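Take a look at the structure set out below.
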Protein chains: 4
Amino acid sequence: VAHEIVIFGASGYSGLELLRWLARHPEVRVVGASSDRWTGQRVRDRAPTAPSELSFTTHDGALAEARSGRLAFLATPAETSLELVPKLVAKGVRVIDLSGAFRLERDDYPKWYGFEHTAPELLAEACYGLPEIDRSADLTRARLVANPGCYATASILAVAPLLAADLLTDAPLALDGKSGTTGAGRGVKEHLLYSEVAETIAAYRLGRHQHTPEIERALAKIAGRKVTVSLTAHLVPMRRGLLVSGYATPKHGVTAEAVATAVQKFYRDARFVRVKTERAAEPGPVAYTNQAEVQAMLDERAGLVLAFGALDNLVKGAAGQAIQNMNRMLGMPPELGLE
Amino acid sequence: VAHEIVIFGASGYSGLELLRWLARHPEVRVVGASSDRWTGQRVRDRAPTAPSELSFTTHDGALAEARSGRLAFLATPAETSLELVPKLVAKGVRVIDLSGAFRLERDDYPKWYGFEHTAPELLAEACYGLPEIDRSADLTRARLVANPGCYATASILAVAPLLAADLLTDAPLALDGKSGTTGAGRGVKEHLLYSEVAETIAAYRLGRHQHTPEIERALAKIAGRKVTVSLTAHLVPMRRGLLVSGYATPKHGVTAEAVATAVQKFYRDARFVRVKTERAAEPGPVAYTNQAEVQAMLDERAGLVLAFGALDNLVKGAAGQAIQNMNRMLGMPPELGLE
Amino acid sequence: VAHEIVIFGASGYSGLELLRWLARHPEVRVVGASSDRWTGQRVRDRAPTAPSELSFTTHDGALAEARSGRLAFLATPAETSLELVPKLVAKGVRVIDLSGAFRLERDDYPKWYGFEHTAPELLAEACYGLPEIDRSADLTRARLVANPGCYATASILAVAPLLAADLLTDAPLALDGKSGTTGAGRGVKEHLLYSEVAETIAAYRLGRHQHTPEIERALAKIAGRKVTVSLTAHLVPMRRGLLVSGYATPKHGVTAEAVATAVQKFYRDARFVRVKTERAAEPGPVAYTNQAEVQAMLDERAGLVLAFGALDNLVKGAAGQAIQNMNRMLGMPPELGLE
Amino acid sequence: VAHEIVIFGASGYSGLELLRWLARHPEVRVVGASSDRWTGQRVRDRAPTAPSELSFTTHDGALAEARSGRLAFLATPAETSLELVPKLVAKGVRVIDLSGAFRLERDDYPKWYGFEHTAPELLAEACYGLPEIDRSADLTRARLVANPGCYATASILAVAPLLAADLLTDAPLALDGKSGTTGAGRGVKEHLLYSEVAETIAAYRLGRHQHTPEIERALAKIAGRKVTVSLTAHLVPMRRGLLVSGYATPKHGVTAEAVATAVQKFYRDARFVRVKTERAAEPGPVAYTNQAEVQAMLDERAGLVLAFGALDNLVKGAAGQAIQNMNRMLGMPPELGLE
């Protein structure tokens, strides 16, 4: 029998992407989907491969139906996740949260998210679900998985091998991120209009993007020391896709070969990461897939390491990675339903 | 009477942009236009505001017509410029070259452009024409002006104020450039097809973009010391527009105010540079104009200075700046025909 | 001394375009600009070439300042124009209205615009300002000019020559319009988000687009009989530009030559219309200009005439044409400030 | 055991799409892939889910390997298909041809494709594979299936129900097609450059698009009479997706209900066609799927029927439909591997 799944926030771009992928997954069945926007409407009108009997409910409606043994995806804003998660966990529902509500240290929340964290025990318990950098982790008993952010996934995948191989000094890392518009969600805001986005590219949230501490935390674990990051996000005129270009300072004596080898080795068995050597890592070729592309090279003349991570922000950067985590939680092969 | 102008390479994107702007200039008249592609065709069929009697000629045809006292714009590949410039100068024609053929030191050419420079005296004589960083220069007698590259213009405008105010260490600068497709020219190449460019973003020429030594040379002049730069160019799904995001290491004790002040002061009287403070520098608002936008801020937490330069790659990054230089050479107000 | 101009609704895409073009016009000066959105802000922050002393006011503020002898552009919704125009005319201000409020017969308003017209005398007095089809009209004493809609301008320019030469039967004309997103205005609506517009194309307002009766009215005048039109508008993933492809039934015996000749002849002296023969009429080459491109051909095999009209929806489809009308009203050369 | 499949022309956009979809199909295995462009390269470098042992061969190489019992997809130009098909059929290979080489009457080829057809018997034998309009056809013994063109599929799906229900006069149908750039293939041509395609929309092949006779032939079969069509194709700035907007003349007395009912009824059991009523048919929602969207309505006032067909030109317009046909030929469920 199939595992029963509920999606909270199913009408955003990540929520719809979850509906599409889960419809193809052989071992699960979506039994609930909540939405602020389309409450009462048939899910199939928006996600044609979704189960025909499903209608969008309110979050409260979905919560009332939640039962022990089910698994919930939360594609909701961080504040909403913070409210819903404790209630779901208390009911015995296992949770994969796609927001930032359970990704940081408690002290980081006021500064980066603008609120005090009200569920510190759950925060301490939450597993950060980036499978490729934490392969030994056993999630089969995890109650709460924090699914990484899209910029964070691309950044960490790009830089982790260099830190794991101890090739970098502790100088701050400059991360230049470029994202398609679905990464900004479906909020109806003037700066997201086609007329405003097309034919330009602009940086936003300079020095204060909320994925910064998430990246620093994950990279510090790999490096075994503090890692400082400055993330600059840019909005690019494309729908899907994200590229992070990282600029890092190599330790004295690091060679081009050392850089290349570090990346190849780190991802030797990674099913969802392709290491690019001759052609650049870019999001286009992995659009609509759960693959990431990474690339790293030494600019020997200038003395900088360039590291790139590319993915589909809605798949490997959100829904796909969440399903990877679901597979791990349910003890299924990590690639099930993702190829 | 109007100054007589000839354009070599008038059928590329920069050449056509020159035709458009020069048609509006009150003091000049285009009397010749050469093109490999459209030889024999009426210019007006491609550039509707061009003089009606003009037809595209071969380069040789335009060269044969060249007379002392005229001014030539060369929107040709570097190799072609290298051939044409000595002949034009010998005939008494003053030249503004939009290629990279006269922008570097002689020793840089084999490595960055793949050829030995065959006109070293003219190279030594050429003036690098970036008006905003070299305002005292008198071009009224210059025979040859090297018009800066688009990435170079945006990069130098972004970083120059920080070096002029001595705010940066000598750590390598990471320059992350993002360009629209017209910056790559009209060459018919697979990677420039709409189907290949749309819905992705990719880095190219990693560590070996030919604007790198041009930027280093110009910045070194400002800093009074060697400046090392790593430029990573990215192709963005937009037609026009270019943004460079620079990541630099501040000297100890540099404050956010110092950064802001340096930029404001540097561009106080610059007619074609707008300093952005609240909103990000981006190419959209300056599309189809000769304006650049710059912005700089200190990421105090991380310890990096972020510096941005944005422009229209065909105007301030090519044809517009070339006309600025023409105005300087002809002793006319710098903004004539550019507003 | 320059003519004094006021713009109502100066913060929409058409309003900003007016600001840009009027800043270059040698004989006028913008002395007022109203905006719901940016009241109190400096105009120059949004339109860098606008007069430096100008700030956005409320509509009421601009109305209070209105004085006899000035000329007002209204880039406001039809309902707002309907309110403002009588007050302005009463004050002796001459008006060019870019909305649909003064373009139709009184009886058309309830059906196509959803309101009863409250100023029927002014409606009867208003001149429809499409210069190319009504060249003999003298606007030097006109108090109120209704500036045509963007779909209407392209449609009428495409089909008028065929009707003027009496080449079409009275079968209904199918007009298939394709517009960039700025044509839909700056309203913050979900269907105008980049994520929704990119990578698709969709028809809207099937059978009930409000430019339909405007087109029928103008074409009927040319044909000297009733003309029936079905306009289907499509939203295209581009910022600017509009193309209308018209499908019409030729009278028996009409030849390809007759079609070609009709168009050439109709636009023989039209400064702002280019007749295309070998290449298709398209908006790209006329972007950011007040030019239109038209093309017509007979599909002899099938027995249909194809007629195309292309323009920049913000220039020839709005602000540029409005300035053409202003020049006519003020007795100035029609192309002044538009080249 | 899986059916063995060979793809000729596997490096074009349709060929790559075939590789992607066939990799997911449970009952087939790709054993050969030819390409002019990438001969000798590993297929997996371009299509990451393709079998790992596969390399691109020449067409001749793939032909030499062809064995009875295999099935070949030809995503090659019409001229190439015309050469390959007789050889493949002679070897006992069953063929699905995605080109136009086997879609028309023999007499149509000189005019619409510019060549004399050299395999008239095979042409007469070929089945036109548009499953939704020819559901009773049994392809289990077919040796050669002509896979419909993308414009043809969308056009026929849009108009077929109206003809089947006898709602239209015999006036010529105007079909206004809008296609993304992948529909034009990967040929490296100037007019397909990003810089040329973006920010414009243009008609091409006016009155002589080669899908015209294909549409007329298929519609005539449904109508039981001659049907005349004028197809105008437009290139739209998007990668994938195609929309055809059809304008047809209703018979006297046809009602809005009759139109709506005809479409609903025609597609009652069609798994891959969605009938839209409230929202417009558009390609975006069916991108990357084998679904089509259709919509029809009566513009009662004007007296025209509007009929729309939308699809992904590479899936339902090419590779997906080809796999539908493969399933029919192999006696498998039509939707296998397509959901």
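So you can find residues: chains in the structure tokens are A, B, ... in the order shown, residues in each start at 1, and ligands are numbered from 1 in order.
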With a cut-off of 6 Å, could you pull out the residues of chain C touching chain A and give me the nearest pair of atoms for each, distance in Å to one decimal, using only C-alpha atoms, ordered by chain and ascending number, as JSON lines?
```
{"residue": "C:Thr181", "atom": "CA", "partner": "A:Ser195", "partner_atom": "CA", "distance": 5.8}
{"residue": "C:Thr182", "atom": "CA", "partner": "A:Ser195", "partner_atom": "CA", "distance": 5.8}
{"residue": "C:Val188", "atom": "CA", "partner": "A:Glu190", "partner_atom": "CA", "distance": 5.5}
{"residue": "C:Glu190", "atom": "CA", "partner": "A:Val188", "partner_atom": "CA", "distance": 5.5}
{"residue": "C:Leu192", "atom": "CA", "partner": "A:Leu193", "partner_atom": "CA", "distance": 5.7}
{"residue": "C:Leu193", "atom": "CA", "partner": "A:Leu193", "partner_atom": "CA", "distance": 4.1}
{"residue": "C:Tyr194", "atom": "CA", "partner": "A:Tyr194", "partner_atom": "CA", "distance": 3.8}
{"residue": "C:Ser195", "atom": "CA", "partner": "A:Arg239", "partner_atom": "CA", "distance": 5.3}
{"residue": "C:Arg239", "atom": "CA", "partner": "A:Ser195", "partner_atom": "CA", "distance": 5.2}
```
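In the backbone-derived DSSP annotation, strand (DSSP E) within segment 114-209 of chain A comprises Cys127, Tyr128, Leu144, Val145, Ala146, Leu173, Ala174, Leu175, Asp176, Gly177, Lys178, Ser179, Ala202, Ala203 and Tyr204 of chain A.
When the distance limit is 8 Å and only C-alpha atoms are what count, the residues near Ile156 of chain C, minus those fewer than 6 positions from it on the same chain, are Ile215, Ala218 and Leu219 of chain C.
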Would you kindly return, as a PDB file with C-alpha atoms, in the first residue's frame, each protein, DNA or RNA residue with an atom no farther than 7 Å from any atom of Val227 of chain A, considering only C-alpha atoms and excluding same-chain residues fewer than 3 positions away?
```
ATOM      1  CA  ASP A 170      39.378  31.411   5.584  1.00  0.00           C
ATOM      2  CA  GLU A 216      27.621  29.234   6.324  1.00  0.00           C
ATOM      3  CA  LEU A 219      29.863  24.721   4.970  1.00  0.00           C
ATOM      4  CA  ALA A 220      31.253  25.146   8.486  1.00  0.00           C
TER       5      ALA A 220
END
```
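When only C-alpha atoms are used to compute distances to Glu79 of chain A, the closest of the residues A:Arg20, A:His117, A:Lys265, A:Arg46 turns out to be A:His117.
Candidate residues B:Thr249, B:Thr80, B:Thr58, B:Asn147 were compared for distance to Ala302 of chain B, and the nearest is B:Thr249, using only C-alpha atoms.
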